[in-house]
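Structure first, commentary second.
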Amino acid sequence: MLPTSLSFWQGPLLALLLSLAWAALLRGRPLGALALGLGALAGFALILGVSLASPRQSSERLPALMAGAVLLSLPLCFLRGGWAAGVLAAASVAVGGWWLGGAPLWGPDGARALPVMLAAALLAALALTETGDARRAAAVAALAAGLLVLAAPPGPWLMLGLVWAAAASGAMVAGTAMPLAARVPFALGLAGVTLGPALARGSPGDWLVALAPAGAMMLAPRLATRGGGWLAFAALSALALLAAWGISLA
């Protein structure tokens with residue numbers, strides 16, 4: 001059950017309003033692609049605050065993750081494809097995976113964090129290549145938020161998921177086409193928001209949150225050739241939400 005206090009909804013509302021306003025004001029312009037990243041950054045920062053100390057929890061890494069995504073996306077707003085845009089996008093995925101893996105700075109730490117870094121980077125890379133449509137991105141974000149409503153661990157994960165979904169929804173005003181500059185924040189946000197609960201607690205519900213949005217995003221277009229796979233996505237989402245509800249009752 002979602003809380004009814006206004007303070008709970010401040011983060012999602014800020015993310016929605018900022019991404020919506022940015023996308024509407026800069027619709028059709030290159031910088032309009034930053035709407036999702038800026039909205040999510042504002043919402044994450046409102047919930048978690050801004051700290052100069054090294055973050056210890058995976059949730060505390062999300063504001064800096066989104067700030068880095070916005071900075072990396074800024075030049076992508078003006079690059080029309082080509083090898084430079086590809087290299088920058090690949091670098092964003094690699095750096096995001098390193099950051100979500102704990103930002104290890106020397107060999108033994110890096111070896112211990114390698115599975116997490118690879119999982120985050122692979123998930124971000126998948127999202128980067130599979131979300132050329134802003135509507136699909138918003139649907140994936142909504143599915144992740146719905147799963148978190150049913151199965152989120154204690155802590156800020158439910159609010160963070162709602163912030164990310166709100167930012168993705170507001171950014172749709174910029175248009176259905178999702179340029180690379182918008183996909184980078186979405187991809188890193190997907191990795192951070194959905195993998196975080198599994199890293200924090202690792203219950204069956206947490207792994208469902210980590211795997212179901214990415215699985216639905218990847219499988220739906222391949223299960224149906226008409227309508228962009230929307231019916232398949234709806235069916236996969238319903239199954240995932242039903243599973244999360246069942247886990248919550250267990």
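Here, A, B, ... name the chains of the structure tokens in the order displayed, residue numbers run from 1 inside each chain, and ligands are numbered from 1 in the same displayed order.
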
What are the closest atom pairs, with distances in Å to one decimal, for each residue of segment 77-154 of chain A lying within 12 Å of segment 235-238 of chain A, using only C-alpha atoms, rows by chain and rising residue number, as a tab-separated table?
```
residue	atom	partner	partner_atom	distance
A:Ala139	CA	A:Ser237	CA	9.4
A:Val140	CA	A:Ser237	CA	8.9
A:Ala141	CA	A:Ser237	CA	11.3
A:Ala142	CA	A:Ser237	CA	9.7
A:Leu143	CA	A:Ser237	CA	6.5
A:Ala144	CA	A:Ser237	CA	9.4
A:Ala145	CA	A:Ser237	CA	11.5
A:Gly146	CA	A:Ser237	CA	9.4
A:Leu147	CA	A:Ser237	CA	9.3
```

Excluding segment 178-190 of chain A and any residue of its chain fewer than 4 positions from it, enumerate the residues within 9 Å of it, using only C-alpha atoms, and give them as a compact mmCIF listing (two decimals) with N, CA and C atoms, in the first residue's frame.
```txt
# COMPACT_ATOMS: atom_id res chain seq x y z
N PRO A 30 17.92 19.86 -29.27
CA PRO A 30 18.81 18.79 -28.78
C PRO A 30 18.80 18.63 -27.27
N LEU A 31 18.78 19.74 -26.53
CA LEU A 31 18.86 19.65 -25.07
C LEU A 31 17.59 19.09 -24.44
N GLY A 32 16.51 18.97 -25.21
CA GLY A 32 15.30 18.38 -24.69
C GLY A 32 15.49 16.94 -24.26
N ALA A 33 16.52 16.28 -24.80
CA ALA A 33 16.79 14.88 -24.45
C ALA A 33 17.24 14.71 -23.00
N LEU A 34 17.60 15.79 -22.33
CA LEU A 34 18.07 15.70 -20.95
C LEU A 34 16.94 15.69 -19.94
N ALA A 35 15.69 15.74 -20.40
CA ALA A 35 14.55 15.86 -19.49
C ALA A 35 14.49 14.71 -18.49
N LEU A 36 14.63 13.50 -18.97
CA LEU A 36 14.54 12.34 -18.07
C LEU A 36 15.64 12.37 -17.02
N GLY A 37 16.86 12.59 -17.47
CA GLY A 37 17.98 12.60 -16.52
C GLY A 37 17.88 13.69 -15.48
N LEU A 38 17.49 14.89 -15.89
CA LEU A 38 17.38 15.99 -14.95
C LEU A 38 16.24 15.78 -13.96
N ALA A 40 14.99 12.86 -12.96
CA ALA A 40 15.39 11.81 -12.02
C ALA A 40 16.45 12.32 -11.04
N LEU A 62 22.77 6.67 -6.35
CA LEU A 62 21.91 7.06 -7.48
C LEU A 62 21.98 8.54 -7.83
N LEU A 65 25.12 8.95 -9.75
CA LEU A 65 24.99 8.20 -11.00
C LEU A 65 24.21 9.00 -12.03
N MET A 66 23.11 9.61 -11.60
CA MET A 66 22.29 10.36 -12.55
C MET A 66 22.96 11.67 -12.95
N ALA A 67 23.69 12.28 -12.02
CA ALA A 67 24.44 13.49 -12.38
C ALA A 67 25.49 13.18 -13.44
N GLY A 68 26.20 12.06 -13.27
CA GLY A 68 27.18 11.65 -14.27
C GLY A 68 26.52 11.32 -15.59
N ALA A 69 25.35 10.69 -15.55
CA ALA A 69 24.64 10.36 -16.79
C ALA A 69 24.25 11.63 -17.56
N VAL A 70 23.80 12.64 -16.83
CA VAL A 70 23.43 13.90 -17.48
C VAL A 70 24.65 14.57 -18.11
N LEU A 72 27.42 13.11 -19.13
CA LEU A 72 27.85 12.33 -20.29
C LEU A 72 26.88 12.48 -21.46
N SER A 73 25.62 12.75 -21.16
CA SER A 73 24.63 12.91 -22.21
C SER A 73 24.69 14.28 -22.88
N LEU A 74 25.27 15.24 -22.20
CA LEU A 74 25.29 16.60 -22.76
C LEU A 74 25.95 16.65 -24.13
N PRO A 75 27.16 16.10 -24.34
CA PRO A 75 27.71 16.11 -25.69
C PRO A 75 26.93 15.23 -26.66
N LEU A 76 26.27 14.19 -26.16
CA LEU A 76 25.49 13.34 -27.04
C LEU A 76 24.30 14.07 -27.65
N CYS A 77 23.86 15.15 -26.99
CA CYS A 77 22.76 15.94 -27.54
C CYS A 77 23.12 16.54 -28.89
N PHE A 78 24.41 16.74 -29.13
CA PHE A 78 24.85 17.44 -30.34
C PHE A 78 25.63 16.54 -31.30
N GLY A 81 25.12 10.62 -34.09
CA GLY A 81 25.60 9.27 -34.35
C GLY A 81 27.10 9.24 -34.59
N ALA A 85 29.87 9.18 -30.78
CA ALA A 85 28.69 8.96 -29.94
C ALA A 85 28.67 7.54 -29.38
N ALA A 89 28.75 6.60 -25.43
CA ALA A 89 27.69 5.80 -24.84
C ALA A 89 28.26 4.55 -24.16
N SER A 92 29.84 5.48 -20.93
CA SER A 92 28.86 5.75 -19.87
C SER A 92 28.38 4.45 -19.23
N VAL A 93 28.20 3.41 -20.04
CA VAL A 93 27.78 2.12 -19.51
C VAL A 93 28.87 1.54 -18.62
N GLY A 96 29.18 3.64 -15.42
CA GLY A 96 28.02 3.39 -14.57
C GLY A 96 28.10 2.05 -13.87
N GLY A 97 28.54 1.00 -14.58
CA GLY A 97 28.70 -0.29 -13.95
C GLY A 97 29.76 -0.27 -12.86
N ALA A 120 25.58 -4.78 -13.81
CA ALA A 120 25.05 -3.42 -14.02
C ALA A 120 25.35 -2.93 -15.42
N ALA A 121 26.57 -3.17 -15.91
CA ALA A 121 26.94 -2.72 -17.24
C ALA A 121 26.14 -3.44 -18.32
N LEU A 123 23.13 -4.81 -17.99
CA LEU A 123 21.76 -4.35 -17.94
C LEU A 123 21.62 -2.98 -18.58
N ALA A 124 22.56 -2.09 -18.30
CA ALA A 124 22.53 -0.76 -18.90
C ALA A 124 22.72 -0.84 -20.42
N ALA A 125 23.61 -1.70 -20.87
CA ALA A 125 23.83 -1.86 -22.31
C ALA A 125 22.58 -2.38 -23.00
N LEU A 126 21.90 -3.33 -22.35
CA LEU A 126 20.65 -3.85 -22.91
C LEU A 126 19.61 -2.73 -23.05
N ALA A 127 19.46 -1.94 -21.99
CA ALA A 127 18.49 -0.85 -22.05
C ALA A 127 18.87 0.18 -23.09
N LEU A 128 20.15 0.41 -23.27
CA LEU A 128 20.62 1.39 -24.24
C LEU A 128 20.24 1.00 -25.66
N THR A 129 20.25 -0.29 -25.94
CA THR A 129 19.99 -0.76 -27.29
C THR A 129 18.51 -1.09 -27.54
N THR A 131 15.70 0.55 -26.15
CA THR A 131 14.68 1.59 -25.88
C THR A 131 14.85 2.77 -26.83
N GLY A 132 14.50 2.57 -28.08
CA GLY A 132 14.48 3.69 -29.00
C GLY A 132 13.18 4.46 -28.96
N ASP A 133 12.19 3.95 -28.23
CA ASP A 133 10.86 4.55 -28.14
C ASP A 133 10.64 5.01 -26.70
N ALA A 134 10.31 6.28 -26.52
CA ALA A 134 10.11 6.82 -25.18
C ALA A 134 8.93 6.16 -24.48
N ARG A 135 7.94 5.72 -25.25
CA ARG A 135 6.79 5.05 -24.63
C ARG A 135 7.21 3.71 -24.04
N ALA A 137 10.22 3.01 -22.95
CA ALA A 137 11.02 3.33 -21.75
C ALA A 137 10.12 3.64 -20.57
N VAL A 140 8.56 0.41 -19.24
CA VAL A 140 9.51 -0.38 -18.45
C VAL A 140 9.70 0.24 -17.07
N ALA A 141 9.81 1.56 -17.02
CA ALA A 141 9.96 2.25 -15.74
C ALA A 141 8.72 2.07 -14.87
N ALA A 144 8.81 -1.44 -13.39
CA ALA A 144 9.75 -1.49 -12.26
C ALA A 144 9.15 -0.85 -11.02
N TRP A 164 11.94 7.59 -10.67
CA TRP A 164 12.45 7.25 -12.00
C TRP A 164 11.32 7.08 -13.01
N ALA A 168 10.58 9.40 -16.39
CA ALA A 168 10.43 8.79 -17.71
C ALA A 168 9.09 9.16 -18.34
N ALA A 171 9.18 12.86 -19.56
CA ALA A 171 10.05 13.06 -20.71
C ALA A 171 9.39 12.69 -22.02
N MET A 172 8.28 11.95 -21.99
CA MET A 172 7.60 11.58 -23.23
C MET A 172 7.07 12.78 -23.99
N ALA A 174 8.65 15.21 -24.93
CA ALA A 174 9.65 15.59 -25.93
C ALA A 174 9.45 14.85 -27.25
N THR A 194 16.71 -1.02 -10.36
CA THR A 194 16.23 -2.40 -10.29
C THR A 194 17.24 -3.37 -9.67
N LEU A 195 18.53 -3.12 -9.83
CA LEU A 195 19.53 -4.00 -9.22
C LEU A 195 19.74 -3.70 -7.74
N ALA A 210 14.73 -7.06 -10.28
CA ALA A 210 15.94 -6.89 -11.09
C ALA A 210 15.79 -7.47 -12.48
N PRO A 213 11.72 -6.33 -15.43
CA PRO A 213 11.65 -5.22 -16.40
C PRO A 213 12.57 -5.41 -17.59
N ALA A 214 13.80 -5.86 -17.33
CA ALA A 214 14.72 -6.09 -18.44
C ALA A 214 14.25 -7.22 -19.33
```

Original post:
Contacts of Ala152 of chain A at 12 Å or less, counting only C-alpha atoms, minus same-chain residues fewer than 2 places along, as a PyMOL selection string?
Top reply: chain A and resi 1-2+144-150+154-162+193-198+200-210+244-245+247-248

Only N, CA and C atoms, please: the residues just picked out, written as a short mmCIF file (atom, residue, chain, number, x, y, z; two decimals), in the first residue's frame.
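Wrote out.cif, looks like this:
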```cif
data_model
loop_
_atom_site.label_atom_id
_atom_site.label_comp_id
_atom_site.auth_asym_id
_atom_site.auth_seq_id
_atom_site.Cartn_x
_atom_site.Cartn_y
_atom_site.Cartn_z
N MET A 1 0.85 -1.20 0.00
CA MET A 1 0.00 0.00 0.00
C MET A 1 0.88 1.25 0.00
N LEU A 2 0.55 2.19 -0.85
CA LEU A 2 1.34 3.40 -0.96
C LEU A 2 1.00 4.37 0.17
N ALA A 144 8.81 -1.44 -13.39
CA ALA A 144 9.75 -1.49 -12.26
C ALA A 144 9.15 -0.85 -11.02
N ALA A 145 8.49 0.29 -11.19
CA ALA A 145 7.87 0.96 -10.05
C ALA A 145 6.75 0.11 -9.45
N GLY A 146 5.95 -0.52 -10.32
CA GLY A 146 4.88 -1.37 -9.83
C GLY A 146 5.41 -2.56 -9.04
N LEU A 147 6.50 -3.16 -9.52
CA LEU A 147 7.11 -4.27 -8.80
C LEU A 147 7.65 -3.82 -7.45
N LEU A 148 8.21 -2.62 -7.42
CA LEU A 148 8.73 -2.09 -6.15
C LEU A 148 7.60 -1.79 -5.17
N VAL A 149 6.44 -1.36 -5.68
CA VAL A 149 5.29 -1.14 -4.81
C VAL A 149 4.92 -2.44 -4.09
N LEU A 150 5.04 -3.56 -4.80
CA LEU A 150 4.64 -4.84 -4.24
C LEU A 150 5.75 -5.54 -3.46
N PRO A 154 12.78 -2.67 2.77
CA PRO A 154 12.75 -1.44 3.59
C PRO A 154 13.79 -0.44 3.10
N GLY A 155 13.45 0.84 3.21
CA GLY A 155 14.38 1.87 2.75
C GLY A 155 13.76 2.72 1.67
N PRO A 156 14.58 3.42 0.90
CA PRO A 156 14.07 4.40 -0.05
C PRO A 156 13.73 3.85 -1.43
N TRP A 157 13.81 2.51 -1.63
CA TRP A 157 13.72 1.98 -2.99
C TRP A 157 12.38 2.24 -3.65
N LEU A 158 11.30 2.17 -2.89
CA LEU A 158 9.99 2.44 -3.48
C LEU A 158 9.92 3.87 -4.00
N MET A 159 10.36 4.83 -3.20
CA MET A 159 10.35 6.23 -3.63
C MET A 159 11.26 6.45 -4.83
N LEU A 160 12.42 5.81 -4.83
CA LEU A 160 13.35 5.97 -5.94
C LEU A 160 12.77 5.41 -7.23
N GLY A 161 12.10 4.28 -7.14
CA GLY A 161 11.46 3.72 -8.32
C GLY A 161 10.36 4.60 -8.86
N LEU A 162 9.59 5.20 -7.98
CA LEU A 162 8.53 6.11 -8.42
C LEU A 162 9.10 7.38 -9.04
N VAL A 193 18.15 1.40 -10.20
CA VAL A 193 16.91 1.25 -9.45
C VAL A 193 16.50 -0.21 -9.31
N THR A 194 16.71 -1.02 -10.36
CA THR A 194 16.23 -2.40 -10.29
C THR A 194 17.24 -3.37 -9.67
N LEU A 195 18.53 -3.12 -9.83
CA LEU A 195 19.53 -4.00 -9.22
C LEU A 195 19.74 -3.70 -7.74
N GLY A 196 19.47 -2.46 -7.33
CA GLY A 196 19.74 -2.06 -5.96
C GLY A 196 19.10 -2.94 -4.91
N PRO A 197 17.79 -3.23 -4.98
CA PRO A 197 17.19 -4.08 -3.95
C PRO A 197 17.81 -5.48 -3.89
N ALA A 198 18.16 -6.05 -5.05
CA ALA A 198 18.79 -7.38 -5.03
C ALA A 198 20.14 -7.33 -4.34
N ALA A 200 20.93 -5.12 -2.03
CA ALA A 200 20.73 -4.75 -0.62
C ALA A 200 20.20 -5.91 0.21
N ARG A 201 19.29 -6.71 -0.37
CA ARG A 201 18.66 -7.77 0.41
C ARG A 201 18.73 -9.13 -0.28
N GLY A 202 18.39 -9.18 -1.56
CA GLY A 202 18.54 -10.41 -2.33
C GLY A 202 17.45 -11.44 -2.13
N SER A 203 16.23 -11.01 -1.78
CA SER A 203 15.12 -11.94 -1.64
C SER A 203 14.56 -12.28 -3.03
N PRO A 204 13.70 -13.31 -3.14
CA PRO A 204 13.10 -13.62 -4.45
C PRO A 204 12.39 -12.42 -5.08
N GLY A 205 11.68 -11.65 -4.26
CA GLY A 205 11.03 -10.46 -4.80
C GLY A 205 12.00 -9.45 -5.34
N ASP A 206 13.15 -9.31 -4.70
CA ASP A 206 14.16 -8.36 -5.17
C ASP A 206 14.74 -8.79 -6.51
N TRP A 207 14.95 -10.09 -6.68
CA TRP A 207 15.47 -10.59 -7.96
C TRP A 207 14.42 -10.46 -9.06
N LEU A 208 13.16 -10.57 -8.68
CA LEU A 208 12.10 -10.34 -9.66
C LEU A 208 12.13 -8.90 -10.15
N VAL A 209 12.34 -7.96 -9.23
CA VAL A 209 12.46 -6.55 -9.61
C VAL A 209 13.65 -6.34 -10.53
N ALA A 210 14.73 -7.06 -10.28
CA ALA A 210 15.94 -6.89 -11.09
C ALA A 210 15.79 -7.47 -12.48
N ALA A 244 4.97 -10.94 -8.17
CA ALA A 244 5.39 -10.08 -7.05
C ALA A 244 4.31 -10.02 -5.97
N TRP A 245 3.07 -9.99 -6.39
CA TRP A 245 1.97 -9.97 -5.42
C TRP A 245 1.94 -11.28 -4.64
N ILE A 247 4.49 -13.26 -4.04
CA ILE A 247 5.64 -13.26 -3.13
C ILE A 247 5.37 -12.40 -1.91
N SER A 248 4.67 -11.27 -2.12
CA SER A 248 4.39 -10.38 -1.00
C SER A 248 3.43 -11.01 0.01
#
```

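The closest residue to Arg61 of chain A, picked from A:Leu79, A:Leu114, A:Ala167, A:Ala191 and counting only C-alpha atoms, is A:Ala191.
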
**OP:** Between atom CA of Ala177 of chain A and atom CA of Met218 of chain A, measure the distance and give it in Å to one decimal.
**Re:**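 Computing it gives 17.8 Å between the two atoms.
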
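All residues of protein, DNA or RNA that reach within 10 Å of Arg112 of chain A, judged by only C-alpha atoms and not counting those fewer than 5 positions away in the chain, are Gly101, Gly102, Pro104, Gly107 and Met117 of chain A.
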
Kindly save the residues from that selection, with N, CA, C and O atoms included, as an mmCIF file, in the first residue's frame.
```cif
data_model
loop_
_atom_site.group_PDB
_atom_site.id
_atom_site.type_symbol
_atom_site.label_atom_id
_atom_site.label_comp_id
_atom_site.auth_asym_id
_atom_site.auth_seq_id
_atom_site.Cartn_x
_atom_site.Cartn_y
_atom_site.Cartn_z
ATOM 1 N N GLY A 101 29.005 -0.809 -8.890
ATOM 2 C CA GLY A 101 29.719 -1.898 -8.263
ATOM 3 C C GLY A 101 30.552 -1.484 -7.062
ATOM 4 O O GLY A 101 31.286 -2.312 -6.514
ATOM 5 N N GLY A 102 30.444 -0.231 -6.659
ATOM 6 C CA GLY A 102 31.169 0.252 -5.492
ATOM 7 C C GLY A 102 32.370 1.104 -5.819
ATOM 8 O O GLY A 102 33.106 1.504 -4.912
ATOM 9 N N PRO A 104 35.437 0.465 -7.177
ATOM 10 C CA PRO A 104 36.718 -0.027 -6.651
ATOM 11 C C PRO A 104 37.894 0.652 -7.345
ATOM 12 O O PRO A 104 37.851 0.918 -8.548
ATOM 13 N N GLY A 107 43.066 -3.581 -7.462
ATOM 14 C CA GLY A 107 42.821 -4.914 -7.960
ATOM 15 C C GLY A 107 41.933 -5.808 -7.137
ATOM 16 O O GLY A 107 40.893 -6.289 -7.629
ATOM 17 N N MET A 117 29.613 -5.235 -11.151
ATOM 18 C CA MET A 117 29.919 -4.270 -12.205
ATOM 19 C C MET A 117 29.488 -4.795 -13.569
ATOM 20 O O MET A 117 28.905 -4.064 -14.375
#
```

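Atom CA of Ala42 of chain A lies 13.1 Å from atom CA of Gly170 of chain A.
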
Exercise: Val163 of chain A partners within 10 Å, only C-alpha atoms, chain neighbours under 6 positions left out, as a compact mmCIF listing (two decimals) with N, CA and C atoms, in the first residue's frame:
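File written: selection.txt
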```
# COMPACT_ATOMS: atom_id res chain seq x y z
N TRP A 9 5.37 11.93 -1.57
CA TRP A 9 5.21 12.15 -3.01
C TRP A 9 5.99 13.34 -3.53
N GLN A 10 6.73 14.04 -2.69
CA GLN A 10 7.47 15.21 -3.16
C GLN A 10 8.51 14.86 -4.21
N GLY A 11 9.25 13.77 -3.98
CA GLY A 11 10.28 13.37 -4.94
C GLY A 11 9.71 13.01 -6.30
N PRO A 12 8.73 12.09 -6.38
CA PRO A 12 8.12 11.78 -7.67
C PRO A 12 7.48 12.99 -8.35
N LEU A 13 6.81 13.84 -7.57
CA LEU A 13 6.18 15.02 -8.17
C LEU A 13 7.22 15.97 -8.75
N LEU A 14 8.32 16.18 -8.03
CA LEU A 14 9.37 17.05 -8.54
C LEU A 14 9.96 16.47 -9.82
N ALA A 15 10.21 15.16 -9.84
CA ALA A 15 10.77 14.53 -11.03
C ALA A 15 9.82 14.66 -12.21
N LEU A 16 8.54 14.45 -11.98
CA LEU A 16 7.55 14.55 -13.05
C LEU A 16 7.46 15.97 -13.60
N GLY A 39 15.11 15.26 -14.45
CA GLY A 39 14.00 14.99 -13.55
C GLY A 39 14.36 13.94 -12.51
N ALA A 40 14.99 12.86 -12.96
CA ALA A 40 15.39 11.81 -12.02
C ALA A 40 16.45 12.32 -11.04
N LEU A 41 17.38 13.10 -11.52
CA LEU A 41 18.42 13.66 -10.65
C LEU A 41 17.80 14.51 -9.55
N ALA A 42 16.86 15.38 -9.91
CA ALA A 42 16.22 16.24 -8.91
C ALA A 42 15.46 15.42 -7.88
N GLY A 43 14.72 14.40 -8.33
CA GLY A 43 13.96 13.58 -7.41
C GLY A 43 14.86 12.76 -6.50
N PHE A 44 15.91 12.16 -7.05
CA PHE A 44 16.84 11.39 -6.23
C PHE A 44 17.50 12.28 -5.18
N ILE A 47 15.21 13.14 -2.25
CA ILE A 47 14.97 12.03 -1.34
C ILE A 47 16.21 11.70 -0.52
N ALA A 141 9.81 1.56 -17.02
CA ALA A 141 9.96 2.25 -15.74
C ALA A 141 8.72 2.07 -14.87
N ALA A 145 8.49 0.29 -11.19
CA ALA A 145 7.87 0.96 -10.05
C ALA A 145 6.75 0.11 -9.45
N TRP A 157 13.81 2.51 -1.63
CA TRP A 157 13.72 1.98 -2.99
C TRP A 157 12.38 2.24 -3.65
N SER A 169 8.05 9.25 -17.53
CA SER A 169 6.73 9.63 -18.05
C SER A 169 6.72 11.08 -18.52
N VAL A 193 18.15 1.40 -10.20
CA VAL A 193 16.91 1.25 -9.45
C VAL A 193 16.50 -0.21 -9.31
```

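Of the listed residues A:Ala166, A:Leu249, A:Ala243, A:Ala234, the one whose atoms come nearest to Leu20 of chain A is A:Ala166, with distances taken using only C-alpha atoms.
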
**OP:** Run DSSP on the backbone and give me the residues of segment 83-155 of chain A it puts in helix (DSSP H, G or I), as number ranges by chain.
**Re:** A: 83-100, 107-130, 134-151

Would you export the selected residues with C-alpha atoms as an mmCIF file, in the first residue's frame, please?
```cif
data_model
loop_
_atom_site.group_PDB
_atom_site.id
_atom_site.type_symbol
_atom_site.label_atom_id
_atom_site.label_comp_id
_atom_site.auth_asym_id
_atom_site.auth_seq_id
_atom_site.Cartn_x
_atom_site.Cartn_y
_atom_site.Cartn_z
ATOM 1 C CA TRP A 83 31.853 6.491 -33.694
ATOM 2 C CA ALA A 84 32.260 9.334 -31.196
ATOM 3 C CA ALA A 85 28.687 8.964 -29.940
ATOM 4 C CA GLY A 86 29.096 5.196 -29.743
ATOM 5 C CA VAL A 87 32.315 5.460 -27.750
ATOM 6 C CA LEU A 88 30.781 7.958 -25.337
ATOM 7 C CA ALA A 89 27.690 5.797 -24.837
ATOM 8 C CA ALA A 90 29.841 2.707 -24.227
ATOM 9 C CA ALA A 91 31.970 4.667 -21.769
ATOM 10 C CA SER A 92 28.855 5.750 -19.875
ATOM 11 C CA VAL A 93 27.775 2.122 -19.513
ATOM 12 C CA ALA A 94 31.226 1.053 -18.302
ATOM 13 C CA VAL A 95 31.571 3.926 -15.829
ATOM 14 C CA GLY A 96 28.019 3.386 -14.573
ATOM 15 C CA GLY A 97 28.705 -0.294 -13.953
ATOM 16 C CA TRP A 98 31.917 0.580 -12.114
ATOM 17 C CA TRP A 99 30.111 3.132 -9.940
ATOM 18 C CA LEU A 100 27.212 0.825 -9.079
ATOM 19 C CA GLY A 107 42.821 -4.914 -7.960
ATOM 20 C CA PRO A 108 41.420 -7.014 -5.090
ATOM 21 C CA ASP A 109 38.431 -4.722 -4.607
ATOM 22 C CA GLY A 110 37.780 -4.750 -8.341
ATOM 23 C CA ALA A 111 37.885 -8.559 -8.455
ATOM 24 C CA ARG A 112 35.323 -8.819 -5.645
ATOM 25 C CA ALA A 113 33.044 -6.245 -7.276
ATOM 26 C CA LEU A 114 33.434 -7.611 -10.823
ATOM 27 C CA PRO A 115 30.156 -9.631 -10.885
ATOM 28 C CA VAL A 116 28.130 -6.600 -9.789
ATOM 29 C CA MET A 117 29.919 -4.270 -12.205
ATOM 30 C CA LEU A 118 29.355 -6.661 -15.105
ATOM 31 C CA ALA A 119 25.677 -7.178 -14.224
ATOM 32 C CA ALA A 120 25.047 -3.424 -14.017
ATOM 33 C CA ALA A 121 26.940 -2.718 -17.243
ATOM 34 C CA LEU A 122 25.168 -5.499 -19.151
ATOM 35 C CA LEU A 123 21.756 -4.355 -17.935
ATOM 36 C CA ALA A 124 22.529 -0.763 -18.903
ATOM 37 C CA ALA A 125 23.832 -1.857 -22.309
ATOM 38 C CA LEU A 126 20.647 -3.847 -22.908
ATOM 39 C CA ALA A 127 18.486 -0.851 -22.046
ATOM 40 C CA LEU A 128 20.619 1.394 -24.240
ATOM 41 C CA THR A 129 19.985 -0.762 -27.294
ATOM 42 C CA GLU A 130 16.366 -1.760 -26.627
ATOM 43 C CA ALA A 134 10.107 6.823 -25.181
ATOM 44 C CA ARG A 135 6.794 5.049 -24.633
ATOM 45 C CA ARG A 136 8.567 1.731 -24.173
ATOM 46 C CA ALA A 137 11.018 3.328 -21.754
ATOM 47 C CA ALA A 138 8.159 4.781 -19.706
ATOM 48 C CA ALA A 139 6.379 1.404 -19.703
ATOM 49 C CA VAL A 140 9.506 -0.377 -18.455
ATOM 50 C CA ALA A 141 9.963 2.250 -15.740
ATOM 51 C CA ALA A 142 6.303 1.905 -14.735
ATOM 52 C CA LEU A 143 6.680 -1.884 -14.497
ATOM 53 C CA ALA A 144 9.752 -1.494 -12.262
ATOM 54 C CA ALA A 145 7.869 0.958 -10.047
ATOM 55 C CA GLY A 146 4.881 -1.375 -9.825
ATOM 56 C CA LEU A 147 7.107 -4.270 -8.802
ATOM 57 C CA LEU A 148 8.726 -2.094 -6.154
ATOM 58 C CA VAL A 149 5.286 -1.141 -4.808
ATOM 59 C CA LEU A 150 4.636 -4.844 -4.240
ATOM 60 C CA ALA A 151 8.086 -6.097 -3.285
#
```

Subject >> Gap from atom CA of Leu25 of chain A to atom CA of Thr176 of chain A - Å, one decimal >> reply: 15.8 Å
